[in-house]
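Each remark here refers to the structure printed beneath this line.
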Amino acid sequence: MTRAQVIIIVAIAAAIIVATNLISERRKKSILEQKVRKRTKELRKSEEEYRSLVESIEDSIYLVDRDCKYLFINKKQLSRLGLPIDKTISRAYSELHSPEETKELAKLVNQVFETDKSIQHEHRSLRDNSYYLRTLSPVKEPDGRVAAVTVISKDITALKQTENELIETKEYLDNIINSSADTVTVVDMNGIVRDWNKGADGFRGYRADEVIGRQNSILFADPEDADRIQELLRREGEIKNYRTIALRKDGKPVHISMSAALLKYKDGVPIGSVRVSRDVTKDVVLEERLKKERDNLKLILESMVDAIYIVSKDYKIEFMNRVLIDEVDDQVGAICYKAFHNRVEPCQQCKKAEVMTGKTVRWEWYAHRMNKTYDLIETPLRNVDGSISKLTIFRDITKRKRMEQELD
């Protein structure tokens with residue numbers, strides 16, 4: 001093979017290698033271009049999905065740089081501003097908002113850039129006097145540097161109004177409770193006092209800070225009463241006019257009447273109880289005095305020669321003295337018109353209605369069944385619980401009436 005032939009072969013081989021390399025490069029470039037197109041398509045799709053998601057959210061969302069220039073803004077925020085997108089993008093926040101609002105946002109944006117942390121705060125818009133909860137979060141470059149801040153602004157005007165109404169209602173109720181002369185106590189399910197109104201300072205002698213956080217058993221003369229009340233509330237859900245003896249800070253016993261109800265969480269689980277207690281020491285003293293007077297009255301009535309009985313407002317016989325029992329047997333607990341007259345309804349001449357108004361009535365009654373005439377005195381009798389019963393004293397005047405008739 002001649003030198004010229006060798007050179008030609010080498011040249012052809014070199015040409016083939018170059019051509020092969022070119023083809024390989026073109027293939028690589030084509031594959032790369034396909035990957036870039038695919039990635040671009042994916043990014044575009046992701047952007048569209050992200051934008052669709054952002055636009056579907058009811059909250060205002062926008063992106064600002066460190067100088068508080070709008071980089072992105074969703075339709076909700078555009079609607080709030082009342083401007084088209086070409087009038088907002090790349091414009092400074094200060095151009096569209098008041099100096100006070102601009103200063104407030106700039107401070108928050110700068111804080112996010114400095115701390116690289118999200119922050120949240122309540123904002124009151126001077127534009128429409130609405131309340132917003134704004135969340136500012138950092139947007140980072142691949143190297144970790146903060147490049148912008150995303151602001152999500154949620155309208156909480158209705159929530160704020162409800163919150164203010166609840167605060168006003170709580171303050172109103174607190175004023176009522178604190179002005180009450182009764183003790184209003186909140187006790188949790190472990191028996192710990194959690195709240196104590198000012199009215200409790202009076203007859204209990206404790207200040208709120210001396211009671212809150214302590215077991216409520218210290219408030220009773222019998223500490224076990226605290227457990228009994230707690231058990232009643234667990235079982236019944238409420239108690240009314242529960243009588244017990246409380247203990248003042250100075251150790252003096254106080255008779256109280258307590259009404260209480262369970263406090264429940266929204267899922268129905270009990271979390272404690274609210275208790276209203278009233279000092280009834282004077283009432284107890286009066287009741288004891290009335291009971292003593294009533295007992296003395298019964299002794300007097302038992303010693304009388306006249307027949308006597310007492311009936312309640314619903315015609316139930318509450319007392320009969322020995323004279324009447326010997327004549328008609330013991331009928332205590334029965335209905336008077338059934339026991340005495342074998343009737344199914346009250347007697348027409350019954351004076352109970354008049355007596356219940358506080359009047360004393362005296363009249364004569366002829367008993368056909370016994371062929372006797374009686375002189376009756378019927379008078380109101382106040383009971384320990386404040387109710388009124390009818391006390392009837394009747395004397396047999398049959399002989400006297402016959403003598404009068406004979407004389408006539």
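In the structure tokens, chains take letters A, B, ... by order of appearance, with residues numbered from 1 within each chain and ligands from 1 in the order shown.
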
Give me the residues near Val186 (chain A) as a ChimeraX atom specification, where near means some atom within 10 Å (using only C-alpha atoms) and where sequence neighbours in that chain fewer than 5 positions away do not count.
/A:191-197,212,216,260-263,272-276

Export of the given selection (C-alpha atoms) as a PDB file, in the first residue's frame:
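See again05.pdb below for the written result:
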ATOM      1  CA  GLY A 191     -62.935  19.387  93.187  1.00  0.00           C
ATOM      2  CA  ILE A 192     -60.536  22.309  92.610  1.00  0.00           C
ATOM      3  CA  VAL A 193     -62.000  25.823  92.814  1.00  0.00           C
ATOM      4  CA  ARG A 194     -61.399  27.584  89.477  1.00  0.00           C
ATOM      5  CA  ASP A 195     -63.429  30.784  89.917  1.00  0.00           C
ATOM      6  CA  TRP A 196     -64.901  32.754  92.812  1.00  0.00           C
ATOM      7  CA  ASN A 197     -66.999  35.907  92.610  1.00  0.00           C
ATOM      8  CA  ILE A 212     -58.858  29.531  93.702  1.00  0.00           C
ATOM      9  CA  ASN A 216     -63.465  23.029  97.686  1.00  0.00           C
ATOM     10  CA  ALA A 260     -75.550  23.762  90.995  1.00  0.00           C
ATOM     11  CA  ALA A 261     -75.249  22.406  87.462  1.00  0.00           C
ATOM     12  CA  LEU A 262     -72.594  20.572  85.487  1.00  0.00           C
ATOM     13  CA  LEU A 263     -70.504  22.490  82.980  1.00  0.00           C
ATOM     14  CA  GLY A 272     -66.762  21.034  86.139  1.00  0.00           C
ATOM     15  CA  SER A 273     -69.742  22.666  87.800  1.00  0.00           C
ATOM     16  CA  VAL A 274     -71.023  26.140  88.585  1.00  0.00           C
ATOM     17  CA  ARG A 275     -72.506  26.543  92.056  1.00  0.00           C
ATOM     18  CA  VAL A 276     -74.632  29.318  93.516  1.00  0.00           C
TER      19      VAL A 276
END

Give me the residues within 9 Å of Asp396 (chain A) as an MDAnalysis selection string, counting only C-alpha atoms and dropping any in the same chain fewer than 2 places off.
chainID A and resid 306:307 372:375 394 398:400

For the selection you just gave me, I'd like the residues written to a file as an mmCIF file, in the first residue's frame, keeping N, CA, C and O atoms.
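What landed in part-v9.cif:
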data_model
loop_
_atom_site.group_PDB
_atom_site.id
_atom_site.type_symbol
_atom_site.label_atom_id
_atom_site.label_comp_id
_atom_site.auth_asym_id
_atom_site.auth_seq_id
_atom_site.Cartn_x
_atom_site.Cartn_y
_atom_site.Cartn_z
ATOM 1 N N ASP A 306 -112.067 20.535 122.463
ATOM 2 C CA ASP A 306 -112.713 20.668 121.156
ATOM 3 C C ASP A 306 -111.988 19.808 120.122
ATOM 4 O O ASP A 306 -110.789 19.530 120.238
ATOM 5 N N ALA A 307 -112.711 19.389 119.082
ATOM 6 C CA ALA A 307 -112.112 18.627 117.979
ATOM 7 C C ALA A 307 -111.352 19.603 117.065
ATOM 8 O O ALA A 307 -111.851 20.692 116.737
ATOM 9 N N LYS A 372 -125.773 16.531 114.354
ATOM 10 C CA LYS A 372 -125.150 17.413 115.333
ATOM 11 C C LYS A 372 -124.864 18.776 114.694
ATOM 12 O O LYS A 372 -124.686 18.877 113.483
ATOM 13 N N THR A 373 -124.810 19.789 115.561
ATOM 14 C CA THR A 373 -124.470 21.144 115.109
ATOM 15 C C THR A 373 -123.143 21.545 115.747
ATOM 16 O O THR A 373 -122.930 21.320 116.945
ATOM 17 N N TYR A 374 -122.278 22.144 114.911
ATOM 18 C CA TYR A 374 -120.944 22.526 115.384
ATOM 19 C C TYR A 374 -120.702 24.019 115.149
ATOM 20 O O TYR A 374 -121.162 24.596 114.154
ATOM 21 N N ASP A 375 -119.986 24.607 116.105
ATOM 22 C CA ASP A 375 -119.505 25.992 115.961
ATOM 23 C C ASP A 375 -118.053 25.886 115.478
ATOM 24 O O ASP A 375 -117.196 25.370 116.200
ATOM 25 N N PHE A 394 -113.626 22.904 115.935
ATOM 26 C CA PHE A 394 -115.096 22.856 115.956
ATOM 27 C C PHE A 394 -115.592 22.243 117.264
ATOM 28 O O PHE A 394 -115.081 21.242 117.747
ATOM 29 N N THR A 398 -124.674 21.093 119.866
ATOM 30 C CA THR A 398 -125.983 20.490 119.587
ATOM 31 C C THR A 398 -126.959 20.721 120.748
ATOM 32 O O THR A 398 -128.114 21.139 120.540
ATOM 33 N N LYS A 399 -126.524 20.493 121.986
ATOM 34 C CA LYS A 399 -127.413 20.653 123.151
ATOM 35 C C LYS A 399 -127.866 22.100 123.263
ATOM 36 O O LYS A 399 -129.031 22.376 123.543
ATOM 37 N N ARG A 400 -126.912 23.021 123.062
ATOM 38 C CA ARG A 400 -127.259 24.428 123.184
ATOM 39 C C ARG A 400 -128.278 24.837 122.130
ATOM 40 O O ARG A 400 -129.226 25.575 122.402
#

Using only C-alpha atoms, can you tell me which of A:Gln348, A:Thr135, A:Gln331, A:Asn371 comes closest to Leu108 (chain A)?
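Among the listed residues, the smallest separation from Leu108 (chain A) belongs to A:Thr135.
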
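Considering only C-alpha atoms, the residue among A:Asn321, A:Thr102, A:Ser217, A:Thr185 positioned nearest to Leu126 (chain A) is A:Thr102.
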
Find, counting only C-alpha atoms, the residue in A:Ser303, A:Ser277, A:Ser259, A:Gln230 that gets nearest to Ile245 (chain A).
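Between A:Ser303, A:Ser277, A:Ser259, A:Gln230, the residue approaching Ile245 (chain A) most closely is A:Ser277.
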
Rounded to one decimal place, report the CA of Glu293 (chain A)-CA of Arg395 (chain A) distance in Å.
23.7 Å

Go through A:Met304, A:Trp363, A:Ser312, A:Tyr242 and flag the residue nearest Asp279 (chain A), using only C-alpha atoms for the distances.
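The shortest atom-to-atom distance to Asp279 (chain A) comes from A:Tyr242.
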
As a VMD selection string, please: the residues near region 120-122 of chain A (cut-off 6 Å, only C-alpha atoms, same-chain neighbours under 4 positions excluded).
chain A and resid 132 to 135

Please give the complete set of residues from region 155-394 of chain A that DSSP, run on the backbone, assigns to strand (DSSP E), formatted as a PyMOL selection string.
chain A and resi 155+183-188+193-196+238-247+253-264+270-279+307-311+317-320+361-367+372-382+388-394

Exercise: Asp227 (chain A) partners within 12 Å, only C-alpha atoms, chain neighbours under 5 positions left out, as a list in words
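Neighbouring residues, sequence-local ones excluded: Val187, Met189, Asn190, Gly191, Ile192, Gln215, Asn216, Ser217, Ile218, Phe220, Asp222, Leu232, Leu233 and Arg234 of chain A.
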
Which residues come within 9 Å of Ile73 (chain A), counting only C-alpha atoms, excluding same-chain residues fewer than 4 positions away, as a short mmCIF file (atom, residue, chain, number, x, y, z; two decimals) with C-alpha atoms, in the first residue's frame?
data_model
loop_
_atom_site.label_atom_id
_atom_site.label_comp_id
_atom_site.auth_asym_id
_atom_site.auth_seq_id
_atom_site.Cartn_x
_atom_site.Cartn_y
_atom_site.Cartn_z
CA SER A 60 -55.99 37.28 49.53
CA ILE A 61 -52.53 36.10 48.45
CA TYR A 62 -49.67 38.26 47.19
CA LEU A 63 -45.89 38.20 46.87
CA VAL A 64 -43.67 41.18 47.71
CA GLN A 77 -56.50 40.75 46.45
CA LEU A 78 -57.12 42.49 43.11
CA ILE A 85 -53.33 43.33 37.45
CA THR A 88 -50.52 46.52 40.57
CA ILE A 89 -47.62 44.24 39.54
#

Might you pull out every residue within 10 Å of Asp385 (chain A), with only C-alpha atoms counted and same-chain residues fewer than 3 positions away left off, and present them as a list in words?
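That gives Asp283, Glu287, Leu290, Lys291, Arg382 and Ile388 of chain A.
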
Residues near Arg322 (chain A), cut-off 12 Å, only C-alpha atoms, skip fewer than 6 positions along chain, as a PyMOL selection string:
chain A and resi 298-309+328-332

Mind dumping the selected residues with all heavy atoms as a short mmCIF file (atom, residue, chain, number, x, y, z; two decimals), in the first residue's frame?
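Full text of result_1.cif as output:
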data_model
loop_
_atom_site.label_atom_id
_atom_site.label_comp_id
_atom_site.auth_asym_id
_atom_site.auth_seq_id
_atom_site.Cartn_x
_atom_site.Cartn_y
_atom_site.Cartn_z
N LYS A 298 -99.17 22.14 118.80
CA LYS A 298 -99.77 20.81 118.78
C LYS A 298 -100.02 20.29 120.18
O LYS A 298 -101.03 19.62 120.45
CB LYS A 298 -98.86 19.85 118.00
CG LYS A 298 -98.88 20.07 116.49
CD LYS A 298 -98.00 19.06 115.77
CE LYS A 298 -98.07 19.28 114.26
NZ LYS A 298 -97.21 18.31 113.53
N LEU A 299 -99.11 20.59 121.11
CA LEU A 299 -99.31 20.18 122.50
C LEU A 299 -100.56 20.84 123.08
O LEU A 299 -101.33 20.20 123.82
CB LEU A 299 -98.09 20.56 123.34
CG LEU A 299 -96.81 19.73 123.10
CD1 LEU A 299 -95.64 20.33 123.89
CD2 LEU A 299 -97.03 18.27 123.47
N ILE A 300 -100.72 22.13 122.75
CA ILE A 300 -101.91 22.86 123.23
C ILE A 300 -103.17 22.28 122.62
O ILE A 300 -104.18 22.04 123.32
CB ILE A 300 -101.79 24.35 122.88
CG1 ILE A 300 -100.62 24.98 123.65
CG2 ILE A 300 -103.09 25.08 123.17
CD1 ILE A 300 -100.29 26.39 123.21
N LEU A 301 -103.13 22.00 121.29
CA LEU A 301 -104.30 21.48 120.60
C LEU A 301 -104.69 20.11 121.14
O LEU A 301 -105.87 19.76 121.21
CB LEU A 301 -104.05 21.41 119.10
CG LEU A 301 -103.79 22.75 118.40
CD1 LEU A 301 -103.51 22.54 116.92
CD2 LEU A 301 -104.94 23.73 118.60
N GLU A 302 -103.68 19.30 121.51
CA GLU A 302 -103.95 17.97 122.05
C GLU A 302 -104.66 18.03 123.41
O GLU A 302 -105.41 17.12 123.77
CB GLU A 302 -102.64 17.18 122.20
CG GLU A 302 -102.06 16.67 120.90
CD GLU A 302 -102.86 15.52 120.31
OE1 GLU A 302 -103.91 15.15 120.88
OE2 GLU A 302 -102.46 14.99 119.26
N SER A 303 -104.41 19.11 124.12
CA SER A 303 -104.99 19.23 125.47
C SER A 303 -106.38 19.85 125.46
O SER A 303 -107.05 19.89 126.50
CB SER A 303 -104.07 20.07 126.36
OG SER A 303 -103.99 21.40 125.87
N MET A 304 -106.84 20.32 124.29
CA MET A 304 -108.14 20.97 124.22
C MET A 304 -109.26 19.94 124.14
O MET A 304 -109.06 18.81 123.68
CB MET A 304 -108.20 21.90 123.00
CG MET A 304 -107.28 23.12 123.14
SD MET A 304 -107.29 24.18 121.68
CE MET A 304 -108.98 24.80 121.72
N VAL A 305 -110.47 20.37 124.61
CA VAL A 305 -111.63 19.47 124.61
C VAL A 305 -112.38 19.53 123.29
O VAL A 305 -113.23 18.67 123.01
CB VAL A 305 -112.59 19.82 125.77
CG1 VAL A 305 -111.91 19.57 127.11
CG2 VAL A 305 -113.09 21.25 125.68
N ASP A 306 -112.07 20.53 122.46
CA ASP A 306 -112.71 20.67 121.16
C ASP A 306 -111.99 19.81 120.12
O ASP A 306 -110.79 19.53 120.24
CB ASP A 306 -112.70 22.12 120.70
CG ASP A 306 -113.48 23.02 121.62
OD1 ASP A 306 -114.52 22.57 122.13
OD2 ASP A 306 -113.04 24.17 121.84
N ALA A 307 -112.71 19.39 119.08
CA ALA A 307 -112.11 18.63 117.98
C ALA A 307 -111.35 19.60 117.06
O ALA A 307 -111.85 20.69 116.74
CB ALA A 307 -113.19 17.91 117.19
N ILE A 308 -110.16 19.22 116.68
CA ILE A 308 -109.30 20.11 115.89
C ILE A 308 -108.59 19.31 114.80
O ILE A 308 -108.15 18.17 115.06
CB ILE A 308 -108.25 20.80 116.79
CG1 ILE A 308 -108.94 21.65 117.85
CG2 ILE A 308 -107.29 21.65 115.94
CD1 ILE A 308 -108.01 22.12 118.94
N TYR A 309 -108.47 19.92 113.63
CA TYR A 309 -107.64 19.31 112.58
C TYR A 309 -107.02 20.42 111.73
O TYR A 309 -107.48 21.57 111.72
CB TYR A 309 -108.45 18.33 111.72
CG TYR A 309 -109.49 18.97 110.83
CD1 TYR A 309 -109.20 19.33 109.50
CD2 TYR A 309 -110.80 19.18 111.30
CE1 TYR A 309 -110.16 19.88 108.69
CE2 TYR A 309 -111.76 19.73 110.49
CZ TYR A 309 -111.43 20.09 109.17
OH TYR A 309 -112.39 20.66 108.37
N VAL A 328 -113.61 9.89 114.90
CA VAL A 328 -113.68 9.45 113.50
C VAL A 328 -112.48 8.60 113.09
O VAL A 328 -112.31 8.31 111.89
CB VAL A 328 -113.80 10.67 112.55
CG1 VAL A 328 -115.08 11.44 112.82
CG2 VAL A 328 -112.57 11.57 112.67
N ASP A 329 -111.65 8.19 114.01
CA ASP A 329 -110.43 7.44 113.74
C ASP A 329 -109.35 8.35 113.12
O ASP A 329 -109.64 9.45 112.66
CB ASP A 329 -110.68 6.23 112.82
CG ASP A 329 -111.57 5.20 113.50
OD1 ASP A 329 -111.48 5.08 114.74
OD2 ASP A 329 -112.34 4.53 112.79
N ASP A 330 -108.12 7.83 113.10
CA ASP A 330 -106.97 8.61 112.59
C ASP A 330 -107.03 8.68 111.05
O ASP A 330 -106.95 7.65 110.38
CB ASP A 330 -105.67 7.97 113.05
CG ASP A 330 -104.45 8.84 112.77
OD1 ASP A 330 -104.59 9.85 112.04
OD2 ASP A 330 -103.36 8.53 113.27
N GLN A 331 -107.17 9.88 110.54
CA GLN A 331 -107.27 10.09 109.09
C GLN A 331 -106.11 10.95 108.55
O GLN A 331 -106.19 11.47 107.43
CB GLN A 331 -108.60 10.79 108.74
CG GLN A 331 -109.84 10.06 109.21
CD GLN A 331 -110.07 8.76 108.46
OE1 GLN A 331 -109.57 8.58 107.34
NE2 GLN A 331 -110.78 7.82 109.09
N VAL A 332 -105.05 11.11 109.33
CA VAL A 332 -103.92 11.94 108.91
C VAL A 332 -103.33 11.39 107.61
O VAL A 332 -103.06 10.19 107.49
CB VAL A 332 -102.83 12.02 110.00
CG1 VAL A 332 -101.59 12.74 109.47
CG2 VAL A 332 -103.38 12.73 111.23
#
